[in-house]
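Coordinates from work_10.pdb are shown below (PDB, C-alpha atoms and all ligand atoms).
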```pdb
ATOM      1  CA  MET S   5      74.198  64.296 116.897  1.00  0.00           C
ATOM      2  CA  ARG S   6      71.284  61.877 116.807  1.00  0.00           C
ATOM      3  CA  LEU S   7      72.164  59.671 119.747  1.00  0.00           C
ATOM      4  CA  GLY S   8      70.422  56.401 120.541  1.00  0.00           C
ATOM      5  CA  ILE S   9      70.409  55.357 124.195  1.00  0.00           C
ATOM      6  CA  PHE S  10      69.814  51.689 124.849  1.00  0.00           C
ATOM      7  CA  GLY S  11      69.508  50.771 128.508  1.00  0.00           C
ATOM      8  CA  GLY S  12      69.268  47.269 129.892  1.00  0.00           C
ATOM      9  CA  THR S  13      70.720  44.741 132.235  1.00  0.00           C
ATOM     10  CA  PHE S  14      72.541  42.952 129.407  1.00  0.00           C
ATOM     11  CA  ASP S  15      73.045  39.851 131.522  1.00  0.00           C
ATOM     12  CA  PRO S  16      74.114  38.718 128.970  1.00  0.00           C
ATOM     13  CA  ILE S  17      73.784  40.786 125.808  1.00  0.00           C
ATOM     14  CA  HIS S  18      72.243  38.658 123.045  1.00  0.00           C
ATOM     15  CA  LEU S  19      71.375  38.870 119.367  1.00  0.00           C
ATOM     16  CA  GLY S  20      67.921  40.337 120.098  1.00  0.00           C
ATOM     17  CA  HIS S  21      69.619  43.371 121.673  1.00  0.00           C
ATOM     18  CA  LEU S  22      72.141  43.733 118.858  1.00  0.00           C
ATOM     19  CA  ALA S  23      69.552  43.445 116.084  1.00  0.00           C
ATOM     20  CA  LEU S  24      67.330  45.981 117.849  1.00  0.00           C
ATOM     21  CA  ALA S  25      70.180  48.486 118.174  1.00  0.00           C
ATOM     22  CA  GLU S  26      71.282  48.091 114.565  1.00  0.00           C
ATOM     23  CA  GLN S  27      67.732  48.341 113.171  1.00  0.00           C
ATOM     24  CA  CYS S  28      67.102  51.514 115.185  1.00  0.00           C
ATOM     25  CA  ARG S  29      70.383  53.006 113.957  1.00  0.00           C
ATOM     26  CA  ASP S  30      69.488  52.193 110.375  1.00  0.00           C
ATOM     27  CA  GLN S  31      65.765  53.021 110.338  1.00  0.00           C
ATOM     28  CA  GLN S  32      66.035  56.214 112.433  1.00  0.00           C
ATOM     29  CA  SER S  33      69.350  57.421 110.944  1.00  0.00           C
ATOM     30  CA  LEU S  34      71.061  57.546 114.326  1.00  0.00           C
ATOM     31  CA  ASP S  35      74.724  58.540 114.430  1.00  0.00           C
ATOM     32  CA  GLU S  36      75.630  56.473 117.469  1.00  0.00           C
ATOM     33  CA  ILE S  37      74.059  53.980 119.835  1.00  0.00           C
ATOM     34  CA  TRP S  38      75.212  53.963 123.434  1.00  0.00           C
ATOM     35  CA  PHE S  39      74.551  50.781 125.366  1.00  0.00           C
ATOM     36  CA  VAL S  40      73.896  51.787 128.963  1.00  0.00           C
ATOM     37  CA  PRO S  41      74.172  48.858 131.381  1.00  0.00           C
ATOM     38  CA  ALA S  42      72.058  49.465 134.475  1.00  0.00           C
ATOM     39  CA  ALA S  43      73.696  49.374 137.887  1.00  0.00           C
ATOM     40  CA  GLN S  44      70.494  48.475 139.642  1.00  0.00           C
ATOM     41  CA  PRO S  45      67.378  48.351 137.447  1.00  0.00           C
ATOM     42  CA  PRO S  46      64.454  49.700 139.541  1.00  0.00           C
ATOM     43  CA  HIS S  47      62.145  46.953 138.209  1.00  0.00           C
ATOM     44  CA  LYS S  48      64.654  44.221 139.057  1.00  0.00           C
ATOM     45  CA  LEU S  49      65.360  45.169 142.685  1.00  0.00           C
ATOM     46  CA  GLY S  50      65.774  42.000 144.705  1.00  0.00           C
ATOM     47  CA  THR S  51      66.949  39.900 141.755  1.00  0.00           C
ATOM     48  CA  THR S  52      70.581  38.866 141.458  1.00  0.00           C
ATOM     49  CA  ILE S  53      72.411  40.214 138.458  1.00  0.00           C
ATOM     50  CA  SER S  54      75.985  39.548 137.356  1.00  0.00           C
ATOM     51  CA  ALA S  55      78.782  41.921 138.288  1.00  0.00           C
ATOM     52  CA  ALA S  56      78.932  45.095 136.223  1.00  0.00           C
ATOM     53  CA  LYS S  57      82.460  44.197 135.108  1.00  0.00           C
ATOM     54  CA  ALA S  58      81.330  40.932 133.518  1.00  0.00           C
ATOM     55  CA  ARG S  59      78.304  42.521 131.833  1.00  0.00           C
ATOM     56  CA  CYS S  60      80.483  45.317 130.428  1.00  0.00           C
ATOM     57  CA  GLU S  61      83.168  42.966 129.191  1.00  0.00           C
ATOM     58  CA  MET S  62      80.544  40.893 127.368  1.00  0.00           C
ATOM     59  CA  LEU S  63      79.126  44.103 125.877  1.00  0.00           C
ATOM     60  CA  GLU S  64      82.601  45.108 124.703  1.00  0.00           C
ATOM     61  CA  PHE S  65      83.085  41.793 122.939  1.00  0.00           C
ATOM     62  CA  ALA S  66      79.616  41.957 121.407  1.00  0.00           C
ATOM     63  CA  ILE S  67      79.924  45.430 119.880  1.00  0.00           C
ATOM     64  CA  ALA S  68      83.555  45.107 118.744  1.00  0.00           C
ATOM     65  CA  GLY S  69      83.881  46.166 115.134  1.00  0.00           C
ATOM     66  CA  ASN S  70      80.771  48.352 115.001  1.00  0.00           C
ATOM     67  CA  SER S  71      82.015  51.938 114.957  1.00  0.00           C
ATOM     68  CA  ALA S  72      78.550  53.350 115.739  1.00  0.00           C
ATOM     69  CA  PHE S  73      78.182  51.341 118.956  1.00  0.00           C
ATOM     70  CA  ARG S  74      79.577  52.486 122.313  1.00  0.00           C
ATOM     71  CA  ILE S  75      79.186  51.575 125.979  1.00  0.00           C
ATOM     72  CA  SER S  76      78.359  54.255 128.512  1.00  0.00           C
ATOM     73  CA  SER S  77      79.058  53.647 132.185  1.00  0.00           C
ATOM     74  CA  ILE S  78      76.885  56.612 133.207  1.00  0.00           C
ATOM     75  CA  GLU S  79      74.536  54.458 135.322  1.00  0.00           C
ATOM     76  CA  LEU S  80      77.303  52.290 136.776  1.00  0.00           C
ATOM     77  CA  ASP S  81      79.116  55.424 137.949  1.00  0.00           C
ATOM     78  CA  ARG S  82      76.055  56.572 139.891  1.00  0.00           C
ATOM     79  CA  GLN S  83      74.812  55.359 143.260  1.00  0.00           C
ATOM     80  CA  GLY S  84      71.366  53.856 143.720  1.00  0.00           C
ATOM     81  CA  PRO S  85      68.672  52.642 141.317  1.00  0.00           C
ATOM     82  CA  SER S  86      69.242  53.442 137.631  1.00  0.00           C
ATOM     83  CA  TYR S  87      66.413  55.799 136.761  1.00  0.00           C
ATOM     84  CA  THR S  88      66.309  56.575 133.041  1.00  0.00           C
ATOM     85  CA  VAL S  89      65.130  60.124 133.605  1.00  0.00           C
ATOM     86  CA  THR S  90      68.301  60.893 135.606  1.00  0.00           C
ATOM     87  CA  THR S  91      70.471  59.404 132.873  1.00  0.00           C
ATOM     88  CA  LEU S  92      68.803  61.465 130.159  1.00  0.00           C
ATOM     89  CA  GLU S  93      69.005  64.679 132.203  1.00  0.00           C
ATOM     90  CA  GLN S  94      72.710  64.044 132.718  1.00  0.00           C
ATOM     91  CA  LEU S  95      73.368  63.336 129.032  1.00  0.00           C
ATOM     92  CA  LYS S  96      71.545  66.529 128.020  1.00  0.00           C
ATOM     93  CA  THR S  97      73.371  68.631 130.600  1.00  0.00           C
ATOM     94  CA  GLU S  98      76.726  67.318 129.360  1.00  0.00           C
ATOM     95  CA  ASP S  99      75.931  68.305 125.773  1.00  0.00           C
ATOM     96  CA  ASP S 100      72.739  70.117 124.859  1.00  0.00           C
ATOM     97  CA  SER S 101      73.240  69.562 121.118  1.00  0.00           C
ATOM     98  CA  ARG S 102      72.553  65.855 121.513  1.00  0.00           C
ATOM     99  CA  GLU S 103      69.196  64.764 120.137  1.00  0.00           C
ATOM    100  CA  LEU S 104      68.300  61.809 122.315  1.00  0.00           C
ATOM    101  CA  PHE S 105      66.449  58.660 121.240  1.00  0.00           C
ATOM    102  CA  LEU S 106      65.559  56.092 123.854  1.00  0.00           C
ATOM    103  CA  LEU S 107      65.456  52.586 122.405  1.00  0.00           C
ATOM    104  CA  MET S 108      63.277  49.933 123.990  1.00  0.00           C
ATOM    105  CA  GLY S 109      61.544  46.654 123.289  1.00  0.00           C
ATOM    106  CA  ALA S 110      57.753  46.361 123.339  1.00  0.00           C
ATOM    107  CA  ASP S 111      57.721  44.827 126.819  1.00  0.00           C
ATOM    108  CA  SER S 112      59.480  47.861 128.287  1.00  0.00           C
ATOM    109  CA  LEU S 113      57.121  50.230 126.486  1.00  0.00           C
ATOM    110  CA  GLN S 114      54.190  48.516 128.125  1.00  0.00           C
ATOM    111  CA  TYR S 115      55.484  49.413 131.585  1.00  0.00           C
ATOM    112  CA  PHE S 116      56.721  52.861 130.614  1.00  0.00           C
ATOM    113  CA  PRO S 117      53.807  54.763 132.247  1.00  0.00           C
ATOM    114  CA  SER S 118      54.914  53.361 135.617  1.00  0.00           C
ATOM    115  CA  TRP S 119      58.522  54.547 135.222  1.00  0.00           C
ATOM    116  CA  ARG S 120      59.783  57.568 137.180  1.00  0.00           C
ATOM    117  CA  SER S 121      58.780  60.843 135.446  1.00  0.00           C
ATOM    118  CA  PRO S 122      57.573  59.413 132.116  1.00  0.00           C
ATOM    119  CA  GLN S 123      56.445  62.821 130.876  1.00  0.00           C
ATOM    120  CA  ARG S 124      59.866  64.348 131.534  1.00  0.00           C
ATOM    121  CA  ILE S 125      61.490  61.422 129.719  1.00  0.00           C
ATOM    122  CA  LEU S 126      59.383  62.257 126.666  1.00  0.00           C
ATOM    123  CA  GLU S 127      60.499  65.877 126.852  1.00  0.00           C
ATOM    124  CA  LEU S 128      64.118  64.778 126.909  1.00  0.00           C
ATOM    125  CA  ALA S 129      64.024  61.999 124.331  1.00  0.00           C
ATOM    126  CA  THR S 130      62.053  60.408 121.537  1.00  0.00           C
ATOM    127  CA  ILE S 131      61.143  56.829 122.339  1.00  0.00           C
ATOM    128  CA  VAL S 132      61.960  54.317 119.641  1.00  0.00           C
ATOM    129  CA  ALA S 133      59.805  51.283 120.359  1.00  0.00           C
ATOM    130  CA  VAL S 134      60.638  47.956 118.753  1.00  0.00           C
ATOM    131  CA  ASN S 135      58.636  44.729 118.533  1.00  0.00           C
ATOM    132  CA  ARG S 136      59.891  41.892 120.686  1.00  0.00           C
ATOM    133  CA  GLY S 137      59.468  38.507 119.045  1.00  0.00           C
ATOM    134  CA  ASP S 138      56.325  38.446 116.933  1.00  0.00           C
ATOM    135  CA  ARG S 139      54.130  40.168 119.484  1.00  0.00           C
ATOM    136  CA  PRO S 140      52.736  43.443 118.169  1.00  0.00           C
ATOM    137  CA  LEU S 141      53.615  46.701 119.869  1.00  0.00           C
ATOM    138  CA  PRO S 142      51.129  47.597 122.621  1.00  0.00           C
ATOM    139  CA  ASP S 143      48.693  50.339 121.780  1.00  0.00           C
ATOM    140  CA  LEU S 144      49.573  53.728 123.135  1.00  0.00           C
ATOM    141  CA  SER S 145      46.292  54.577 124.865  1.00  0.00           C
ATOM    142  CA  GLU S 146      47.631  53.990 128.375  1.00  0.00           C
ATOM    143  CA  MET S 147      50.667  56.091 127.570  1.00  0.00           C
ATOM    144  CA  ARG S 148      48.443  58.882 126.265  1.00  0.00           C
ATOM    145  CA  LEU S 149      46.487  58.797 129.521  1.00  0.00           C
ATOM    146  CA  ALA S 150      49.654  58.968 131.592  1.00  0.00           C
ATOM    147  CA  CYS S 151      51.657  61.411 129.492  1.00  0.00           C
ATOM    148  CA  GLY S 152      49.202  63.316 127.288  1.00  0.00           C
ATOM    149  CA  GLU S 153      49.551  64.728 123.779  1.00  0.00           C
ATOM    150  CA  ILE S 154      53.328  64.571 123.756  1.00  0.00           C
ATOM    151  CA  VAL S 155      53.062  60.835 123.035  1.00  0.00           C
ATOM    152  CA  GLU S 156      51.926  61.605 119.457  1.00  0.00           C
ATOM    153  CA  THR S 157      55.188  63.248 118.504  1.00  0.00           C
ATOM    154  CA  ARG S 158      57.659  61.583 120.812  1.00  0.00           C
ATOM    155  CA  VAL S 159      57.068  57.879 120.208  1.00  0.00           C
ATOM    156  CA  VAL S 160      58.187  56.299 116.957  1.00  0.00           C
ATOM    157  CA  THR S 161      58.243  52.637 116.062  1.00  0.00           C
ATOM    158  CA  VAL S 162      60.741  50.386 114.386  1.00  0.00           C
ATOM    159  CA  THR S 163      59.868  46.886 113.292  1.00  0.00           C
ATOM    160  CA  MET S 164      62.292  44.061 112.737  1.00  0.00           C
ATOM    161  CA  PRO S 165      62.012  40.320 112.160  1.00  0.00           C
ATOM    162  CA  GLY S 166      61.026  38.998 115.579  1.00  0.00           C
ATOM    163  CA  ILE S 167      63.873  37.503 117.593  1.00  0.00           C
ATOM    164  CA  ASP S 168      62.321  35.822 120.586  1.00  0.00           C
ATOM    165  CA  LEU S 169      65.404  35.647 122.779  1.00  0.00           C
ATOM    166  CA  SER S 170      65.686  36.705 126.405  1.00  0.00           C
ATOM    167  CA  ALA S 171      68.658  36.858 128.734  1.00  0.00           C
ATOM    168  CA  THR S 172      66.643  34.874 131.287  1.00  0.00           C
ATOM    169  CA  ASP S 173      66.261  32.001 128.844  1.00  0.00           C
ATOM    170  CA  ILE S 174      69.949  32.156 127.945  1.00  0.00           C
ATOM    171  CA  ARG S 175      70.986  32.025 131.619  1.00  0.00           C
ATOM    172  CA  GLN S 176      68.697  29.041 132.174  1.00  0.00           C
ATOM    173  CA  ARG S 177      70.119  27.211 129.175  1.00  0.00           C
ATOM    174  CA  VAL S 178      73.665  27.768 130.412  1.00  0.00           C
ATOM    175  CA  ALA S 179      72.730  26.548 133.888  1.00  0.00           C
ATOM    176  CA  SER S 180      71.274  23.361 132.451  1.00  0.00           C
ATOM    177  CA  LYS S 181      74.213  22.873 130.062  1.00  0.00           C
ATOM    178  CA  ARG S 182      72.203  23.459 126.912  1.00  0.00           C
ATOM    179  CA  SER S 183      73.577  25.236 123.874  1.00  0.00           C
ATOM    180  CA  ILE S 184      73.384  29.004 123.444  1.00  0.00           C
ATOM    181  CA  ARG S 185      75.426  28.990 120.258  1.00  0.00           C
ATOM    182  CA  TYR S 186      74.118  31.578 117.738  1.00  0.00           C
ATOM    183  CA  PHE S 187      71.952  33.187 120.441  1.00  0.00           C
ATOM    184  CA  VAL S 188      74.889  35.341 121.559  1.00  0.00           C
ATOM    185  CA  PRO S 189      78.049  36.308 119.661  1.00  0.00           C
ATOM    186  CA  ARG S 190      80.701  33.583 119.763  1.00  0.00           C
ATOM    187  CA  SER S 191      82.969  35.802 121.868  1.00  0.00           C
ATOM    188  CA  VAL S 192      80.223  36.246 124.477  1.00  0.00           C
ATOM    189  CA  GLU S 193      79.567  32.517 124.554  1.00  0.00           C
ATOM    190  CA  ALA S 194      83.288  31.902 125.126  1.00  0.00           C
ATOM    191  CA  TYR S 195      83.352  34.550 127.888  1.00  0.00           C
ATOM    192  CA  ILE S 196      80.418  32.899 129.675  1.00  0.00           C
ATOM    193  CA  GLN S 197      82.174  29.545 129.581  1.00  0.00           C
ATOM    194  CA  GLU S 198      85.561  30.891 130.599  1.00  0.00           C
ATOM    195  CA  HIS S 199      84.150  32.789 133.569  1.00  0.00           C
ATOM    196  CA  ARG S 200      81.674  30.063 134.497  1.00  0.00           C
ATOM    197  CA  LEU S 201      78.761  32.445 134.607  1.00  0.00           C
ATOM    198  CA  TYR S 202      75.159  31.511 135.281  1.00  0.00           C
ATOM    199  CA  GLY S 203      75.576  28.569 137.578  1.00  0.00           C
ATOM    200  CA  GLN S 204      77.912  26.431 135.495  1.00  0.00           C
ATOM    201  CA  SER S 205      79.469  23.720 137.563  1.00  0.00           C
ATOM    202  CA  GLU S 206      83.219  23.001 137.596  1.00  0.00           C
ATOM    203  CA  ASN S 207      83.058  20.249 134.972  1.00  0.00           C
ATOM    204  CA  SER S 208      80.708  21.975 132.560  1.00  0.00           C
ATOM    205  CA  VAL S 209      82.034  22.855 129.098  1.00  0.00           C
TER     206      VAL S 209
HETATM  207  P1  LIG I 301      65.993  39.455 131.155  1.00  0.00           P
HETATM  208  O1  LIG I 301      65.467  38.200 130.501  1.00  0.00           O
HETATM  209  O2  LIG I 301      67.147  39.221 132.096  1.00  0.00           O
HETATM  210  O3  LIG I 301      64.911  40.316 131.752  1.00  0.00           O
HETATM  211  P2  LIG I 301      66.192  40.788 128.564  1.00  0.00           P
HETATM  212  O4  LIG I 301      66.590  39.772 127.532  1.00  0.00           O
HETATM  213  O5  LIG I 301      64.754  41.194 128.614  1.00  0.00           O
HETATM  214  O6  LIG I 301      66.702  40.319 130.001  1.00  0.00           O
HETATM  215  P3  LIG I 301      67.197  43.412 129.141  1.00  0.00           P
HETATM  216  O7  LIG I 301      68.631  43.713 129.299  1.00  0.00           O
HETATM  217  O8  LIG I 301      66.355  43.423 130.355  1.00  0.00           O
HETATM  218  O9  LIG I 301      67.127  42.017 128.341  1.00  0.00           O
HETATM  219  O10 LIG I 301      66.509  44.324 128.043  1.00  0.00           O
HETATM  220  C1  LIG I 301      66.991  45.545 127.598  1.00  0.00           C
HETATM  221  C2  LIG I 301      66.077  46.051 126.507  1.00  0.00           C
HETATM  222  O11 LIG I 301      66.156  45.183 125.373  1.00  0.00           O
HETATM  223  C3  LIG I 301      64.596  46.152 126.861  1.00  0.00           C
HETATM  224  O12 LIG I 301      64.085  47.362 126.320  1.00  0.00           O
HETATM  225  C4  LIG I 301      63.986  44.957 126.166  1.00  0.00           C
HETATM  226  O13 LIG I 301      62.648  45.210 125.800  1.00  0.00           O
HETATM  227  C5  LIG I 301      64.854  44.822 124.944  1.00  0.00           C
HETATM  228  N1  LIG I 301      64.931  43.455 124.427  1.00  0.00           N
HETATM  229  C6  LIG I 301      65.484  42.402 125.061  1.00  0.00           C
HETATM  230  N2  LIG I 301      65.414  41.296 124.305  1.00  0.00           N
HETATM  231  C7  LIG I 301      64.795  41.650 123.147  1.00  0.00           C
HETATM  232  C8  LIG I 301      64.409  40.937 121.955  1.00  0.00           C
HETATM  233  N3  LIG I 301      64.642  39.641 121.827  1.00  0.00           N
HETATM  234  N4  LIG I 301      63.789  41.644 120.972  1.00  0.00           N
HETATM  235  C9  LIG I 301      63.548  42.972 121.131  1.00  0.00           C
HETATM  236  N5  LIG I 301      63.877  43.692 122.231  1.00  0.00           N
HETATM  237  C10 LIG I 301      64.483  43.054 123.227  1.00  0.00           C
END
```

As a first step, turn the structure in this file into structure tokens.
Amino acid sequence: MRLGIFGGTFDPIHLGHLALAEQCRDQQSLDEIWFVPAAQPPHKLGTTISAAKARCEMLEFAIAGNSAFRISSIELDRQGPSYTVTTLEQLKTEDDSRELFLLMGADSLQYFPSWRSPQRILELATIVAVNRGDRPLPDLSEMRLACGEIVETRVVTVTMPGIDLSATDIRQRVASKRSIRYFVPRSVEAYIQEHRLYGQSENSV
């Protein structure tokens, strides 16, 4: 099985994430995409993120109806920071026939050389790098320096119409009572309102 792994905080999931996942599935002929919400992203230590339950429930609403999309709680079930290399090792150990593809936006790719065990990650999975907004993908020279030749065969790119959304911006809009309609699925928008996420006051709609 060609399995796409898409890690993130998903606080909340938005249309940029969904379009990225679907374009990777389509352009790389992936059988399934597993959304992997991070328990504690190593690069976001010290920042407050919503409870895993809320992030997962929003993910469930967002992917409903897409039979290729799943949620994996593999990182939530583990203690400590969510290192991607550990996740990939675990997924391979569970089932060695899985061909793993690690999906990420251009901003994540840029920091990839500083992740834990980047070379091992490239042995375990092919990186599928996607443009974020209209910014071009970063060049791979730094990755080549950090990881060597393997970069040539283990990094592929997918391009899609730029969707310049971020969860940070969505949270800020909610907090200041601005609209997020059409930035997230309707069901996710309703969930955010119902559960008063992201600093909504009692009388906000
Ligand atoms: P935050 O603003 O809270 O940092 P985010 O919107 O960047 O959140 P994450 O959950 O941190 O979302 O990102 C998960 C992955 O999705 C990362 O690889 C990131 O590059 C990618 N991604 C997020 N938003 C987009 C987008 N609009 N277009 C393409 N890729 C995206």

Per residue of chain S within 10 Å of ligand LIG 301 (chain I), note the shortest atom pair and the distance in Å to one decimal, counting all atoms listed in the file, and order the rows by chain and increasing residue number, as CSV.
```
residue,atom,partner,partner_atom,distance
S:Phe10,CA,I:LIG301,C2,7.0
S:Gly11,CA,I:LIG301,C1,5.9
S:Gly12,CA,I:LIG301,O7,3.7
S:Thr13,CA,I:LIG301,O7,3.7
S:Phe14,CA,I:LIG301,O7,4.0
S:Asp15,CA,I:LIG301,O2,6.0
S:Pro16,CA,I:LIG301,O7,7.4
S:Ile17,CA,I:LIG301,O7,6.9
S:His18,CA,I:LIG301,O4,7.3
S:Leu19,CA,I:LIG301,N3,7.2
S:Gly20,CA,I:LIG301,N3,3.8
S:His21,CA,I:LIG301,C7,5.3
S:Leu22,CA,I:LIG301,C7,8.8
S:Ala23,CA,I:LIG301,N4,7.8
S:Leu24,CA,I:LIG301,C9,5.8
S:Ala25,CA,I:LIG301,O11,8.9
S:Phe39,CA,I:LIG301,C1,9.5
S:Val40,CA,I:LIG301,C1,9.4
S:Pro41,CA,I:LIG301,O7,7.8
S:Ala42,CA,I:LIG301,O7,8.5
S:Pro45,CA,I:LIG301,O8,8.7
S:His47,CA,I:LIG301,O8,9.6
S:Lys48,CA,I:LIG301,O3,8.3
S:Thr51,CA,I:LIG301,O2,9.7
S:Thr52,CA,I:LIG301,O2,10.0
S:Ile53,CA,I:LIG301,O2,8.3
S:Leu106,CA,I:LIG301,O12,9.2
S:Leu107,CA,I:LIG301,O12,6.7
S:Met108,CA,I:LIG301,O12,3.6
S:Gly109,CA,I:LIG301,O13,3.1
S:Ala110,CA,I:LIG301,O13,5.6
S:Asp111,CA,I:LIG301,O13,5.0
S:Ser112,CA,I:LIG301,O13,4.8
S:Leu113,CA,I:LIG301,O13,7.5
S:Gln114,CA,I:LIG301,O13,9.4
S:Val132,CA,I:LIG301,O12,9.9
S:Ala133,CA,I:LIG301,O12,8.3
S:Val134,CA,I:LIG301,C9,6.2
S:Asn135,CA,I:LIG301,C9,5.8
S:Arg136,CA,I:LIG301,C9,3.8
S:Gly137,CA,I:LIG301,N4,5.7
S:Asp138,CA,I:LIG301,N4,9.1
S:Arg139,CA,I:LIG301,N4,9.9
S:Thr163,CA,I:LIG301,C9,9.5
S:Met164,CA,I:LIG301,C9,8.6
S:Pro165,CA,I:LIG301,N4,9.1
S:Gly166,CA,I:LIG301,N4,6.6
S:Ile167,CA,I:LIG301,N3,4.8
S:Asp168,CA,I:LIG301,N3,4.6
S:Leu169,CA,I:LIG301,N3,4.2
S:Ser170,CA,I:LIG301,O4,3.4
S:Ala171,CA,I:LIG301,O4,3.8
S:Thr172,CA,I:LIG301,O1,3.6
S:Asp173,CA,I:LIG301,O1,6.5
S:Ile174,CA,I:LIG301,O1,7.9
S:Arg175,CA,I:LIG301,O2,8.2
S:Gln176,CA,I:LIG301,O1,9.9
S:Phe187,CA,I:LIG301,N3,9.8
```

Sel. within 10 Å of pt (47.9, 52.5, 130.4), counting all atoms listed in the file, output as JSON, numbers by chain: {"S": [114, 115, 116, 117, 118, 142, 143, 144, 145, 146, 147, 148, 149, 150, 151]}

Residues as selected, C-alpha atoms, written as a compact mmCIF listing (two decimals), in the frame of the given file, can you do that?
```txt
# COMPACT_ATOMS: atom_id res chain seq x y z
CA GLN S 114 54.19 48.52 128.12
CA TYR S 115 55.48 49.41 131.58
CA PHE S 116 56.72 52.86 130.61
CA PRO S 117 53.81 54.76 132.25
CA SER S 118 54.91 53.36 135.62
CA PRO S 142 51.13 47.60 122.62
CA ASP S 143 48.69 50.34 121.78
CA LEU S 144 49.57 53.73 123.14
CA SER S 145 46.29 54.58 124.86
CA GLU S 146 47.63 53.99 128.38
CA MET S 147 50.67 56.09 127.57
CA ARG S 148 48.44 58.88 126.26
CA LEU S 149 46.49 58.80 129.52
CA ALA S 150 49.65 58.97 131.59
CA CYS S 151 51.66 61.41 129.49
```

So which residues get picked by the PyMOL selection byres (((chain S and resi 76-85) around 9) and not hetatm) here, written as an MDAnalysis selection string? chainID S and resid 38:46 49 56 60 74:75 86:88 90:91 94:95

Go through S:Thr130, S:Gln197, S:Ser71, S:Ser54 and flag the residue nearest Ile37 of chain S, using only C-alpha atoms for the distances.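 Result for the nearest residue to Ile37 of chain S: S:Ser71.
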
Please report, as JSON, the centre and edge lengths in Å to one decimal of an axis-aligned box covering all listed atoms of segment 82-100 of chain S with 6 Å per side.
```
{"center_x": 70.9, "center_y": 61.4, "center_z": 134.3, "size_x": 23.6, "size_y": 29.5, "size_z": 30.9}
```

Could you jot down the atom CA of Ala66 of chain S to atom CA of His199 of chain S separation for me, Å, one decimal place? 15.9 Å

When the PyMOL selection byres (((chain S and resi 178) around 9) and not hetatm) is applied to the structure above, which residues does it catch, written out as a ChimeraX atom specification? /S:173-177,179-184,196-197,201-204

Point-to-point distance from atom CA of Ser101 of chain S to atom CA of Ala68 of chain S, Å rounded to tenths: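 So the answer is 26.6 Å.
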
If you measure from atom CA of Ala58 of chain S to atom CA of Ile9 of chain S, what distance in Å do you get, rounded to one decimal? 20.4 Å

For the PyMOL selection byres (((chain S and resi 35) around 12) and not hetatm), applied here, can you spell out every residue it catches as a list in words? Met5, Arg6, Leu7, Gly8, Ile9, Ala25, Glu26, Cys28, Arg29, Asp30, Gln31, Gln32, Ser33, Leu34, Glu36, Ile37, Trp38, Asn70, Ser71, Ala72, Phe73, Arg74, Arg102, Glu103, Leu104 and Phe105 of chain S

Counting only C-alpha atoms, which residue out of S:Glu93, S:Asp99, S:Arg185, S:Ile154 sits closest to Gln123 of chain S?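 Result for the nearest residue to Gln123 of chain S: S:Ile154.
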
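For the choices S:Glu193, S:Glu64, S:Glu127, S:Glu198, the atom-to-atom distance to Glu153 of chain S is smallest for S:Glu127 when using only C-alpha atoms.
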
Smallest atom-to-atom distance to Ala129 of chain S: which of S:Tyr186, S:Gln27, S:Lys57, S:Val160, using all atoms listed in the file? S:Val160

Between S:Trp119, S:Arg158, S:Gly50, S:Glu61, smallest distance to Ser191 of chain S by only C-alpha atoms belongs to S:Glu61

Could I see segment 92-99 of chain S restored to N, CA, C and O atoms, set down as a short mmCIF file (atom, residue, chain, number, x, y, z; two decimals), in the frame of the given file?
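Result file part-v6.cif:
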```cif
data_model
loop_
_atom_site.label_atom_id
_atom_site.label_comp_id
_atom_site.auth_asym_id
_atom_site.auth_seq_id
_atom_site.Cartn_x
_atom_site.Cartn_y
_atom_site.Cartn_z
N LEU S 92 69.05 60.56 131.29
CA LEU S 92 68.80 61.46 130.16
C LEU S 92 69.10 62.92 130.53
O LEU S 92 69.68 63.67 129.74
N GLU S 93 68.71 63.31 131.74
CA GLU S 93 69.00 64.68 132.20
C GLU S 93 70.52 64.92 132.16
O GLU S 93 70.99 65.95 131.69
N GLN S 94 71.25 63.93 132.65
CA GLN S 94 72.71 64.04 132.72
C GLN S 94 73.32 64.14 131.31
O GLN S 94 74.19 64.97 131.06
N LEU S 95 72.83 63.33 130.40
CA LEU S 95 73.37 63.34 129.03
C LEU S 95 73.08 64.67 128.33
O LEU S 95 73.89 65.16 127.55
N LYS S 96 71.91 65.24 128.61
CA LYS S 96 71.54 66.53 128.02
C LYS S 96 72.38 67.66 128.62
O LYS S 96 72.82 68.57 127.91
N THR S 97 72.60 67.59 129.93
CA THR S 97 73.37 68.63 130.60
C THR S 97 74.81 68.63 130.09
O THR S 97 75.41 69.68 129.87
N GLU S 98 75.35 67.43 129.87
CA GLU S 98 76.73 67.32 129.36
C GLU S 98 76.86 67.97 127.99
O GLU S 98 77.86 68.59 127.68
N ASP S 99 75.84 67.79 127.14
CA ASP S 99 75.93 68.31 125.77
C ASP S 99 74.51 68.51 125.24
O ASP S 99 73.84 67.57 124.84
#
```
